[in-house]
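**Student:** This one is query.cif, mmCIF, C-alpha atoms.
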```cif
data_upload
#
loop_
_atom_site.label_atom_id
_atom_site.label_comp_id
_atom_site.auth_asym_id
_atom_site.auth_seq_id
_atom_site.Cartn_x
_atom_site.Cartn_y
_atom_site.Cartn_z
CA MET A 18 27.06 -8.27 45.38
CA SER A 19 29.10 -6.17 47.77
CA GLY A 20 28.71 -2.41 48.06
CA LYS A 21 31.87 -1.95 46.01
CA GLU A 22 30.56 -4.24 43.27
CA ILE A 23 27.21 -2.45 43.08
CA GLU A 24 29.03 0.87 42.84
CA VAL A 25 31.18 -0.40 39.95
CA VAL A 26 28.10 -1.67 38.07
CA GLN A 27 26.29 1.66 38.60
CA ASN A 28 29.35 3.51 37.31
CA ILE A 29 29.33 1.38 34.15
CA TYR A 30 25.64 2.24 33.48
CA ASP A 31 26.16 5.98 34.12
CA GLU A 32 29.26 6.21 31.93
CA ASN A 33 27.45 4.26 29.19
CA ASP A 34 24.44 6.58 29.16
CA LYS A 35 26.63 9.67 29.04
CA ILE A 36 28.48 8.39 25.96
CA ALA A 37 25.21 7.26 24.35
CA LEU A 38 23.74 10.76 24.61
CA GLU A 39 26.91 12.29 23.14
CA THR A 40 26.79 9.84 20.23
CA LYS A 41 23.13 10.58 19.60
CA ALA A 42 23.78 14.33 19.58
CA SER A 43 26.72 14.12 17.19
CA LEU A 44 24.81 11.85 14.77
CA GLU A 45 21.82 14.17 14.91
CA GLU A 46 24.06 17.00 13.71
CA LEU A 47 24.85 14.90 10.64
CA GLY A 48 21.15 14.22 10.06
CA ILE A 49 21.45 10.55 11.01
CA PHE A 50 18.46 8.82 12.62
CA VAL A 51 19.55 5.80 14.67
CA VAL A 52 17.54 2.57 15.06
CA ASN A 53 18.67 0.06 17.71
CA VAL A 54 17.43 -3.30 16.41
CA MET A 55 16.99 -5.81 19.23
CA GLY A 56 15.64 -9.35 19.44
CA ALA A 57 16.34 -12.96 20.38
CA PRO A 58 18.72 -15.15 18.34
CA GLY A 59 17.10 -16.09 15.04
CA ALA A 60 14.20 -13.65 15.45
CA GLY A 61 14.88 -12.31 11.96
CA LYS A 62 16.70 -9.05 12.71
CA THR A 63 18.88 -8.99 9.58
CA SER A 64 16.03 -10.11 7.29
CA SER A 65 13.83 -7.38 8.75
CA ILE A 66 16.49 -4.71 8.19
CA ILE A 67 16.93 -5.85 4.58
CA ASN A 68 13.18 -5.80 3.94
CA ILE A 69 12.73 -2.35 5.49
CA ILE A 70 15.60 -0.97 3.41
CA ARG A 71 14.00 -2.36 0.22
CA ASN A 72 10.98 -0.22 1.04
CA LEU A 73 13.06 2.92 1.56
CA PRO A 74 14.76 3.34 -1.85
CA GLU A 75 15.03 7.13 -1.49
CA GLU A 76 16.80 7.04 1.92
CA LYS A 77 20.55 6.80 2.49
CA ILE A 78 21.11 3.74 4.69
CA TYR A 79 23.96 2.72 7.00
CA VAL A 80 24.18 -0.50 9.02
CA ILE A 81 26.31 -1.63 11.95
CA GLU A 82 26.10 -5.39 12.50
CA GLY A 83 26.70 -6.57 16.06
CA ASP A 84 27.62 -10.21 16.59
CA ILE A 85 29.55 -12.13 19.20
CA GLU A 86 31.41 -13.84 16.37
CA SER A 87 31.11 -14.30 12.56
CA ASP A 88 30.38 -11.82 9.78
CA LEU A 89 27.65 -13.86 8.08
CA ASP A 90 25.08 -11.04 8.19
CA THR A 91 27.50 -8.32 7.11
CA VAL A 92 28.42 -10.35 4.04
CA LYS A 93 24.69 -10.71 3.28
CA LEU A 94 24.12 -6.95 3.58
CA LYS A 95 27.23 -5.95 1.62
CA ASP A 96 26.18 -8.32 -1.18
CA LEU A 97 23.04 -6.21 -1.46
CA GLY A 98 25.17 -3.06 -1.78
CA ILE A 99 24.35 -1.79 1.71
CA ASN A 100 27.00 0.28 3.52
CA THR A 101 27.72 -2.02 6.49
CA ILE A 102 30.40 -2.46 9.11
CA GLN A 103 30.81 -5.40 11.47
CA ILE A 104 31.37 -5.38 15.22
CA ASN A 105 32.38 -8.63 16.92
CA THR A 106 32.02 -8.41 20.68
CA GLY A 107 34.01 -11.61 21.23
CA GLY A 108 31.67 -12.82 23.96
CA ALA A 109 29.83 -9.75 25.22
CA CYS A 110 26.08 -10.25 25.33
CA HIS A 111 25.03 -6.75 24.21
CA LEU A 112 26.33 -3.66 22.45
CA ASP A 113 27.18 -0.69 24.62
CA ALA A 114 27.76 2.99 23.95
CA PRO A 115 31.61 2.92 24.04
CA THR A 116 31.64 0.05 21.51
CA ILE A 117 29.39 2.01 19.14
CA LYS A 118 31.38 5.19 19.60
CA ASN A 119 34.52 3.32 18.52
CA ALA A 120 32.80 1.61 15.60
CA LEU A 121 31.51 4.93 14.26
CA GLN A 122 35.09 5.98 13.50
CA ASN A 123 35.01 3.39 10.70
CA LEU A 124 31.76 4.58 9.12
CA GLU A 125 31.67 7.61 6.87
CA PHE A 126 28.37 9.48 6.73
CA SER A 127 28.37 11.06 3.27
CA GLN A 128 24.80 12.32 3.64
CA PRO A 129 21.85 12.32 6.08
CA GLY A 130 19.97 9.06 6.43
CA ILE A 131 19.08 6.16 8.69
CA LEU A 132 21.58 4.06 10.66
CA PHE A 133 20.40 0.60 11.71
CA ILE A 134 22.45 -0.95 14.52
CA GLU A 135 21.73 -4.66 14.81
CA ASN A 136 22.32 -5.61 18.42
CA ILE A 137 23.46 -9.03 19.73
CA GLY A 138 20.72 -11.67 19.54
CA ASN A 139 19.50 -11.52 23.11
CA LEU A 140 16.07 -10.60 24.47
CA VAL A 141 17.48 -9.57 27.85
CA CYS A 142 20.70 -7.57 28.13
CA PRO A 143 20.56 -5.19 25.11
CA ALA A 144 17.39 -3.61 26.53
CA GLU A 145 19.42 -2.31 29.49
CA PHE A 146 21.93 -0.29 27.46
CA GLN A 147 21.44 2.86 25.39
CA ILE A 148 23.86 3.00 22.48
CA GLY A 149 22.96 6.38 20.97
CA GLU A 150 19.66 5.40 19.36
CA HIS A 151 16.62 7.51 18.60
CA ILE A 152 14.36 4.47 18.73
CA LYS A 153 14.51 0.83 19.80
CA MET A 154 12.99 -1.61 17.29
CA LEU A 155 12.11 -4.99 18.82
CA ILE A 156 12.03 -7.99 16.49
CA CYS A 157 10.06 -10.95 17.83
CA SER A 158 9.42 -14.16 15.91
CA ALA A 159 6.02 -15.86 15.99
CA ALA A 160 7.95 -19.14 16.39
CA GLU A 161 9.15 -17.97 19.82
CA GLY A 162 5.59 -18.18 21.10
CA SER A 163 3.09 -15.63 22.39
CA ASP A 164 4.27 -15.59 26.03
CA LYS A 165 7.44 -13.57 25.45
CA PRO A 166 6.16 -10.18 26.75
CA TYR A 167 5.40 -11.83 30.10
CA LYS A 168 8.82 -13.48 30.39
CA TYR A 169 11.06 -10.72 29.00
CA PRO A 170 9.17 -7.56 29.95
CA LEU A 171 11.96 -4.97 29.76
CA ALA A 172 12.53 -5.30 26.00
CA PHE A 173 8.80 -4.94 25.33
CA GLU A 174 8.47 -2.07 27.77
CA LYS A 175 11.29 -0.08 26.17
CA ALA A 176 10.46 -0.80 22.51
CA ASP A 177 9.36 2.12 20.32
CA VAL A 178 8.14 -0.27 17.63
CA ILE A 179 7.64 -4.05 17.57
CA LEU A 180 7.81 -6.33 14.53
CA LEU A 181 6.24 -9.78 14.83
CA THR A 182 8.21 -11.75 12.24
CA LYS A 183 7.72 -15.18 10.62
CA CYS A 184 3.96 -14.71 10.74
CA ASP A 185 3.54 -17.60 8.32
CA LEU A 186 4.58 -19.90 11.20
CA LYS A 187 1.80 -18.76 13.55
CA GLU A 188 -0.50 -21.65 12.72
CA TYR A 189 2.24 -24.24 13.37
CA VAL A 190 3.05 -22.99 16.86
CA ASP A 191 -0.50 -22.22 18.07
CA PHE A 192 0.37 -18.57 18.39
CA ASN A 193 -2.19 -16.70 20.51
CA ASP A 194 -2.56 -13.12 19.17
CA ASP A 195 -4.73 -11.89 22.02
CA PHE A 196 -2.39 -13.21 24.70
CA PHE A 197 0.64 -11.67 22.95
CA LEU A 198 -0.98 -8.25 22.52
CA LYS A 199 -2.41 -8.25 26.03
CA GLY A 200 1.11 -8.87 27.35
CA ILE A 201 2.51 -5.99 25.32
CA ARG A 202 -0.26 -3.56 26.29
CA GLY A 203 0.33 -4.32 29.97
CA LEU A 204 3.87 -2.97 29.53
CA ASN A 205 3.65 -0.46 26.74
CA LYS A 206 0.30 1.17 25.99
CA SER A 207 0.99 2.76 22.63
CA VAL A 208 3.84 0.93 20.87
CA PRO A 209 2.92 0.07 17.28
CA VAL A 210 3.05 -3.66 16.45
CA PHE A 211 3.55 -4.74 12.83
CA GLU A 212 3.08 -8.29 11.57
CA VAL A 213 5.63 -9.16 8.90
CA ASN A 214 6.93 -12.04 6.84
CA ALA A 215 10.44 -11.66 5.40
CA LYS A 216 9.92 -14.53 2.94
CA THR A 217 7.16 -12.69 1.08
CA GLY A 218 7.96 -9.13 2.16
CA GLN A 219 4.46 -8.83 3.62
CA GLY A 220 4.00 -5.99 6.09
CA PHE A 221 7.32 -4.22 5.56
CA SER A 222 6.00 -1.32 3.47
CA ALA A 223 3.91 -0.27 6.46
CA VAL A 224 6.96 -0.49 8.75
CA ALA A 225 9.03 1.58 6.30
CA GLU A 226 6.27 4.18 6.04
CA TRP A 227 6.10 4.43 9.84
CA LEU A 228 9.90 4.73 10.13
CA LYS A 229 10.11 7.39 7.41
CA HIS A 230 7.52 9.46 9.23
CA LYS A 231 9.29 8.94 12.57
CA SER A 232 12.76 9.84 11.28
CA HIS A 233 11.83 13.11 9.56
CA MET B 11 36.89 -1.59 32.02
CA SER B 12 39.37 -0.40 34.63
CA GLY B 13 41.69 -2.76 36.49
CA LYS B 14 39.44 -2.59 39.54
CA GLU B 15 36.38 -3.47 37.45
CA ILE B 16 38.08 -6.46 35.81
CA GLU B 17 39.14 -7.69 39.24
CA VAL B 18 35.55 -7.47 40.54
CA VAL B 19 34.23 -9.41 37.53
CA GLN B 20 36.89 -12.12 37.97
CA ASN B 21 35.99 -12.40 41.67
CA ILE B 22 32.35 -12.94 40.74
CA TYR B 23 33.26 -15.80 38.36
CA ASP B 24 35.60 -17.50 40.87
CA GLU B 25 33.11 -17.27 43.74
CA ASN B 26 30.36 -18.60 41.45
CA ASP B 27 32.39 -21.65 40.38
CA LYS B 28 33.30 -22.49 43.96
CA ILE B 29 29.66 -22.51 45.03
CA ALA B 30 28.65 -24.47 41.91
CA LEU B 31 31.09 -27.26 42.71
CA GLU B 32 29.86 -27.41 46.33
CA THR B 33 26.25 -27.63 45.12
CA LYS B 34 27.11 -30.38 42.66
CA ALA B 35 28.90 -32.39 45.36
CA SER B 36 26.06 -32.09 47.87
CA LEU B 37 23.44 -33.09 45.28
CA GLU B 38 25.58 -36.04 44.20
CA GLU B 39 25.49 -37.31 47.78
CA LEU B 40 21.69 -37.36 47.52
CA GLY B 41 21.87 -39.23 44.20
CA ILE B 42 20.63 -36.24 42.20
CA PHE B 43 21.83 -35.79 38.62
CA VAL B 44 21.60 -32.15 37.52
CA VAL B 45 20.78 -30.98 33.99
CA ASN B 46 21.29 -27.28 33.15
CA VAL B 47 18.81 -26.61 30.34
CA MET B 48 19.88 -23.64 28.21
CA GLY B 49 18.57 -22.03 25.05
CA ALA B 50 17.24 -18.87 23.41
CA PRO B 51 13.80 -17.44 24.28
CA GLY B 52 11.09 -19.63 22.79
CA ALA B 53 13.47 -22.43 21.82
CA GLY B 54 11.19 -24.93 23.52
CA LYS B 55 13.00 -25.56 26.79
CA THR B 56 9.92 -26.28 28.92
CA SER B 57 8.26 -28.40 26.23
CA SER B 58 11.45 -30.42 25.87
CA ILE B 59 11.69 -31.00 29.64
CA ILE B 60 8.06 -32.16 29.71
CA ASN B 61 8.59 -34.53 26.78
CA ILE B 62 11.76 -36.00 28.26
CA ILE B 63 10.03 -36.56 31.61
CA ARG B 64 7.17 -38.38 29.84
CA ASN B 65 9.76 -40.83 28.57
CA LEU B 66 11.27 -41.39 32.02
CA PRO B 67 8.28 -42.74 34.00
CA GLU B 68 10.49 -44.73 36.37
CA GLU B 69 12.72 -41.77 37.38
CA LYS B 70 12.04 -39.32 40.22
CA ILE B 71 12.04 -35.85 38.66
CA TYR B 72 12.60 -32.39 40.12
CA VAL B 73 12.49 -29.09 38.21
CA ILE B 74 13.68 -25.56 38.94
CA GLU B 75 12.20 -23.02 36.53
CA GLY B 76 14.29 -19.90 35.95
CA ASP B 77 12.56 -16.86 34.53
CA ILE B 78 13.14 -13.13 34.68
CA GLU B 79 9.44 -12.73 35.48
CA SER B 80 6.23 -14.82 35.39
CA ASP B 81 5.47 -18.35 36.54
CA LEU B 82 3.77 -19.52 33.34
CA ASP B 83 6.03 -22.55 32.89
CA THR B 84 5.93 -23.59 36.54
CA VAL B 85 2.14 -23.63 36.43
CA LYS B 86 2.36 -25.81 33.29
CA LEU B 87 4.72 -28.28 34.99
CA LYS B 88 2.83 -28.40 38.29
CA ASP B 89 -0.40 -29.09 36.37
CA LEU B 90 1.34 -32.23 35.09
CA GLY B 91 2.15 -33.25 38.67
CA ILE B 92 5.87 -32.44 38.36
CA ASN B 93 7.68 -31.29 41.52
CA THR B 94 8.69 -27.75 40.45
CA ILE B 95 9.84 -24.56 42.07
CA GLN B 96 10.10 -21.13 40.44
CA ILE B 97 12.98 -18.68 40.49
CA ASN B 98 12.36 -15.16 39.23
CA THR B 99 15.61 -13.28 38.67
CA GLY B 100 13.82 -9.93 38.37
CA GLY B 101 16.03 -8.82 35.49
CA ALA B 102 19.17 -10.97 35.64
CA CYS B 103 20.01 -12.57 32.31
CA HIS B 104 21.24 -15.95 33.62
CA LEU B 105 21.07 -18.20 36.66
CA ASP B 106 24.16 -18.34 38.84
CA ALA B 107 25.40 -20.70 41.52
CA PRO B 108 24.38 -18.59 44.58
CA THR B 109 20.83 -18.26 43.20
CA ILE B 110 20.56 -22.03 42.77
CA LYS B 111 22.07 -22.70 46.19
CA ASN B 112 19.36 -20.51 47.74
CA ALA B 113 16.57 -22.06 45.67
CA LEU B 114 17.58 -25.58 46.71
CA GLN B 115 16.56 -24.79 50.29
CA ASN B 116 12.96 -24.85 49.02
CA LEU B 117 13.19 -28.20 47.25
CA GLU B 118 12.99 -31.45 49.17
CA PHE B 119 14.73 -34.43 47.61
CA SER B 120 12.78 -37.41 48.89
CA GLN B 121 14.72 -39.87 46.71
CA PRO B 122 17.47 -39.99 44.08
CA GLY B 123 16.56 -38.74 40.63
CA ILE B 124 17.10 -36.10 37.99
CA LEU B 125 16.91 -32.33 38.58
CA PHE B 126 16.25 -30.20 35.51
CA ILE B 127 17.16 -26.53 35.95
CA GLU B 128 15.65 -24.43 33.18
CA ASN B 129 17.90 -21.43 32.71
CA ILE B 130 16.85 -17.95 31.51
CA GLY B 131 16.05 -17.87 27.78
CA ASN B 132 19.35 -16.52 26.51
CA LEU B 133 21.84 -18.09 24.13
CA VAL B 134 24.75 -16.03 25.50
CA CYS B 135 25.14 -15.42 29.24
CA PRO B 136 23.99 -18.73 30.81
CA ALA B 137 26.83 -20.56 29.04
CA GLU B 138 29.34 -18.57 31.12
CA PHE B 139 28.08 -19.69 34.53
CA GLN B 140 28.22 -23.11 36.19
CA ILE B 141 25.28 -23.61 38.55
CA GLY B 142 26.06 -27.06 39.94
CA GLU B 143 25.15 -29.13 36.88
CA HIS B 144 26.47 -32.47 35.72
CA ILE B 145 25.58 -31.69 32.11
CA LYS B 146 24.50 -28.73 30.01
CA MET B 147 21.60 -29.48 27.63
CA LEU B 148 21.31 -26.94 24.81
CA ILE B 149 17.89 -26.47 23.24
CA CYS B 150 17.95 -24.89 19.79
CA SER B 151 14.88 -24.35 17.61
CA ALA B 152 14.97 -25.02 13.87
CA ALA B 153 13.05 -21.75 13.47
CA GLU B 154 16.11 -19.84 14.76
CA GLY B 155 17.99 -20.85 11.62
CA SER B 156 21.05 -22.99 10.95
CA ASP B 157 23.69 -20.28 11.55
CA LYS B 158 23.42 -20.21 15.34
CA PRO B 159 26.60 -22.24 16.15
CA TYR B 160 28.64 -19.66 14.21
CA LYS B 161 27.08 -16.67 15.97
CA TYR B 162 26.80 -18.03 19.54
CA PRO B 163 29.75 -20.43 19.75
CA LEU B 164 30.19 -20.69 23.52
CA ALA B 165 26.83 -22.36 24.18
CA PHE B 166 27.49 -24.94 21.47
CA GLU B 167 31.05 -25.49 22.60
CA LYS B 168 30.04 -26.16 26.20
CA ALA B 169 26.94 -28.28 25.51
CA ASP B 170 26.99 -31.94 26.55
CA VAL B 171 23.90 -32.65 24.47
CA ILE B 172 22.01 -30.61 21.88
CA LEU B 173 18.32 -30.86 21.00
CA LEU B 174 17.17 -29.37 17.71
CA THR B 175 13.51 -28.62 18.42
CA LYS B 176 10.54 -27.68 16.21
CA CYS B 177 11.90 -29.87 13.44
CA ASP B 178 8.53 -29.71 11.69
CA LEU B 179 9.37 -26.05 10.89
CA LYS B 180 12.62 -26.85 9.05
CA GLU B 181 11.06 -26.75 5.60
CA TYR B 182 9.48 -23.32 6.23
CA VAL B 183 12.73 -21.64 7.25
CA ASP B 184 15.08 -23.26 4.69
CA PHE B 185 17.02 -24.91 7.49
CA ASN B 186 20.40 -26.18 6.28
CA ASP B 187 21.29 -29.38 8.21
CA ASP B 188 24.82 -29.64 6.86
CA PHE B 189 25.67 -26.02 7.70
CA PHE B 190 24.23 -26.40 11.21
CA LEU B 191 26.12 -29.63 11.94
CA LYS B 192 29.35 -28.34 10.41
CA GLY B 193 29.13 -25.35 12.76
CA ILE B 194 28.63 -27.59 15.77
CA ARG B 195 31.44 -30.00 14.85
CA GLY B 196 33.85 -27.07 14.48
CA LEU B 197 33.25 -26.31 18.17
CA ASN B 198 32.37 -29.61 19.75
CA LYS B 199 33.52 -32.82 18.08
CA SER B 200 31.46 -35.40 19.91
CA VAL B 201 28.31 -33.78 21.35
CA PRO B 202 25.20 -35.82 20.48
CA VAL B 203 22.55 -33.91 18.51
CA PHE B 204 18.93 -35.08 18.67
CA GLU B 205 16.18 -33.85 16.37
CA VAL B 206 12.88 -33.52 18.21
CA ASN B 207 9.34 -32.24 17.83
CA ALA B 208 7.43 -31.49 21.02
CA LYS B 209 4.08 -31.38 19.21
CA THR B 210 4.29 -35.05 18.24
CA GLY B 211 6.82 -36.23 20.84
CA GLN B 212 9.09 -37.40 18.02
CA GLY B 213 12.71 -37.98 19.04
CA PHE B 214 12.30 -37.64 22.79
CA SER B 215 12.49 -41.35 23.65
CA ALA B 216 16.04 -41.37 22.26
CA VAL B 217 16.94 -38.30 24.35
CA ALA B 218 15.49 -39.92 27.48
CA GLU B 219 17.39 -43.13 26.79
CA TRP B 220 20.64 -41.18 26.39
CA LEU B 221 19.98 -39.21 29.60
CA LYS B 222 19.13 -42.33 31.60
CA HIS B 223 22.38 -43.90 30.52
CA LYS B 224 24.34 -40.72 31.30
CA SER B 225 22.82 -40.21 34.76
CA HIS B 226 23.39 -43.74 36.09
#
```
Could I get this file's structure written as structure tokens?
**Tutor:**
Amino acid sequence: MSGKEIEVVQNIYDENDKIALETKASLEELGIFVVNVMGAPGAGKTSSIINIIRNLPEEKIYVIEGDIESDLDTVKLKDLGINTIQINTGGACHLDAPTIKNALQNLEFSQPGILFIENIGNLVCPAEFQIGEHIKMLICSAAEGSDKPYKYPLAFEKADVILLTKCDLKEYVDFNDDFFLKGIRGLNKSVPVFEVNAKTGQGFSAVAEWLKHKSH
Amino acid sequence: MSGKEIEVVQNIYDENDKIALETKASLEELGIFVVNVMGAPGAGKTSSIINIIRNLPEEKIYVIEGDIESDLDTVKLKDLGINTIQINTGGACHLDAPTIKNALQNLEFSQPGILFIENIGNLVCPAEFQIGEHIKMLICSAAEGSDKPYKYPLAFEKADVILLTKCDLKEYVDFNDDFFLKGIRGLNKSVPVFEVNAKTGQGFSAVAEWLKHKSH
């Protein structure tokens, strides 16, 4: 890239972070705790959100669904009575702070609670952009294999909590727990890692308990 | 984005495509057929390449491995005696034409054959960039779920061939074949879709046969 191009890219990052911090501050005033849910396509982000919510019956929940196209997940969440709005990026590979700031105009916060923002399915780009979150939740499927921390380090480095989903598939993909955890610990010494299974609900009460503690 | 920013982005695309076409032309002169292998993290790109190569014993094979970090897959391929070089993008979410042009200086083409370029694990950004390929091969794991064509349309639209990997996991994730295929056909009327399983090798002889036909 030329000097001019690098400057433009740096400006985009700086402007993004400024808006993200403003968003975070204004949501904090309303008592909203924001969770940026990241992960590869098909990692189980929506299923994880649904299962966490089931274990938080006393919390007010809001969801913003980010997708390039389609509203499949928003329909799923609304059918469960969850207050959800859809963002379609129309091609963009991640959510950014201006996009979230705009979307928030369509979401009414009637009381304090937790806002889950499901990012675009992508283990690379979303990790580079703050969107106003208090924590980043990384969803990683056992079916993706145990080498992911080594290949996509930034997402693991920045995660405040990691969910290893589809744990029932471990045995079919020769998942190596030690290798996976060693990769994470090389990047992120203290991040909690929860093993979950959205088909049975296994593991999600512990995640919900952790999140409740974190958000209060 | 501002007008200046849009202009910079458009310049990057145009310059990329120009270099990609030059690369393709110069490889064609050497009798090299280039396959751009795309797919989400953990879709099974490397395993698919290995299984296809096993079914093409009479072809000369070259591989470029694209990863953000690590050389895990290159080690795997070299251990099998496959002529492989590694690219680490150090953060970038896709391979682009200038990166491939540079990498090709380190790869000696002793005879005509097939060059597999494994792109970064990302179902979004790689689909936007030509890198000098003759065909785009999209690798999609059954464990990712059957809704992927609806959520990540560009990759499915641009694919010249699609491999549905980890087919043994279909029953565990309630994979819906009809929904998956309907999504693909809405974007790409004629792309061949092969079901494969890298653990057993099932389905890869048909892929290899198709590729051999396509490359000659």
**Student:** So what does the PyMOL selection byres ((chain A) within 6 of (chain B)) actually pick up in this one, as a ChimeraX atom specification?
**Tutor:** /A:59,86-87,110,141,161-162,168
**Student:** Pick out the residues sitting within 8 Å of A:Ala176, and hand them over as a PDB file with C-alpha atoms, keeping the file's coordinate frame; count all atoms listed in the file, and ignore anything fewer than 2 positions along from it in its own chain.
**Tutor:**
```
ATOM      1  CA  ILE A 152      14.360   4.470  18.730  1.00  0.00           C
ATOM      2  CA  LYS A 153      14.510   0.830  19.800  1.00  0.00           C
ATOM      3  CA  MET A 154      12.990  -1.610  17.290  1.00  0.00           C
ATOM      4  CA  LEU A 155      12.110  -4.990  18.820  1.00  0.00           C
ATOM      5  CA  ALA A 172      12.530  -5.300  26.000  1.00  0.00           C
ATOM      6  CA  PHE A 173       8.800  -4.940  25.330  1.00  0.00           C
ATOM      7  CA  GLU A 174       8.470  -2.070  27.770  1.00  0.00           C
ATOM      8  CA  VAL A 178       8.140  -0.270  17.630  1.00  0.00           C
ATOM      9  CA  ILE A 179       7.640  -4.050  17.570  1.00  0.00           C
ATOM     10  CA  VAL A 208       3.840   0.930  20.870  1.00  0.00           C
TER      11      VAL A 208
END
```
**Student:** Using the file's own x, y and z axes, so that the box edges lie along x, y and z, what centre and edge lengths in Å (one decimal) does a box around every listed atom of stretch 43-52 of chain A get when 6 Å is added on each side? Give it as lines of an AutoDock Vina configuration file.
**Tutor:**
```
center_x = 22.1
center_y = 9.8
center_z = 13.6
size_x = 21.2
size_y = 26.4
size_z = 19.1
```
**Student:** Within 10 Å of A:Gly220, counting only C-alpha atoms, which residues show up once you throw out same-chain ones fewer than 3 positions away? Write them as a ChimeraX atom specification, please.
**Tutor:** /A:68-69,180-182,184,211-215,217,223-225
**Student:** Evaluate the PyMOL selection byres ((chain B and resi 107-112) around 9) and record the selected residues as a count of residues only, following the chain and residue labels used in the document.
**Tutor:** 22
**Student:** Work out how far apart atom CA of A:Thr63 and atom CA of A:His230 are and give it in Å to one decimal.
**Tutor:**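 Calculated distance between atom CA of A:Thr63 and atom CA of A:His230 is 21.7 Å.
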**Student:** Could you give me, as a PDB file with C-alpha atoms, in the frame of the given file, the residues within 8 Å of A:Thr91, counting all atoms listed in the file and dropping anything in the same chain fewer than 3 positions from it?
**Tutor:**
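Wrote it out as around_19.pdb, contents follow:
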```pdb
ATOM      1  CA  GLU A  82      26.100  -5.390  12.500  1.00  0.00           C
ATOM      2  CA  ASP A  88      30.380 -11.820   9.780  1.00  0.00           C
ATOM      3  CA  LEU A  94      24.120  -6.950   3.580  1.00  0.00           C
ATOM      4  CA  LYS A  95      27.230  -5.950   1.620  1.00  0.00           C
ATOM      5  CA  THR A 101      27.720  -2.020   6.490  1.00  0.00           C
ATOM      6  CA  ILE A 102      30.400  -2.460   9.110  1.00  0.00           C
ATOM      7  CA  GLN A 103      30.810  -5.400  11.470  1.00  0.00           C
TER       8      GLN A 103
END
```
**Student:** Which neighbours of B:Glu69 fall inside 10 Å, counting all atoms listed in the file, when residues of the same chain fewer than 2 positions from it are skipped, and could you give them as an mmCIF file with C-alpha atoms, keeping the file's coordinate frame?
**Tutor:**
```
data_model
loop_
_atom_site.group_PDB
_atom_site.id
_atom_site.type_symbol
_atom_site.label_atom_id
_atom_site.label_comp_id
_atom_site.auth_asym_id
_atom_site.auth_seq_id
_atom_site.Cartn_x
_atom_site.Cartn_y
_atom_site.Cartn_z
ATOM 1 C CA ILE B 63 10.030 -36.560 31.610
ATOM 2 C CA ARG B 64 7.170 -38.380 29.840
ATOM 3 C CA ASN B 65 9.760 -40.830 28.570
ATOM 4 C CA LEU B 66 11.270 -41.390 32.020
ATOM 5 C CA PRO B 67 8.280 -42.740 34.000
ATOM 6 C CA ILE B 71 12.040 -35.850 38.660
ATOM 7 C CA TYR B 72 12.600 -32.390 40.120
ATOM 8 C CA GLN B 121 14.720 -39.870 46.710
ATOM 9 C CA PRO B 122 17.470 -39.990 44.080
ATOM 10 C CA GLY B 123 16.560 -38.740 40.630
ATOM 11 C CA ILE B 124 17.100 -36.100 37.990
ATOM 12 C CA LYS B 222 19.130 -42.330 31.600
#
```
**Student:** Mind giving me the straight-line distance from atom CA of A:Leu198 to atom CA of A:Ile67 in Å, one decimal?
**Tutor:**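 Atom-to-atom, atom CA of A:Leu198 and atom CA of A:Ile67 are spaced 25.5 Å apart.
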**Student:** If you count all atoms listed in the file, which residues fall within 9 Å of A:Ile66, apart from same-chain ones fewer than 6 positions away, as a PDB file with C-alpha atoms, keeping the file's coordinate frame?
**Tutor:**
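Output file part-v8.pdb follows:
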```
ATOM      1  CA  VAL A  54      17.430  -3.300  16.410  1.00  0.00           C
ATOM      2  CA  VAL A  80      24.180  -0.500   9.020  1.00  0.00           C
ATOM      3  CA  PHE A 133      20.400   0.600  11.710  1.00  0.00           C
ATOM      4  CA  GLU A 135      21.730  -4.660  14.810  1.00  0.00           C
TER       5      GLU A 135
END
```
**Student:** Rounded to one decimal in Å, what is the spacing between atom CA of B:Asn198 and atom CA of B:Met48?
**Tutor:** 16.2 Å
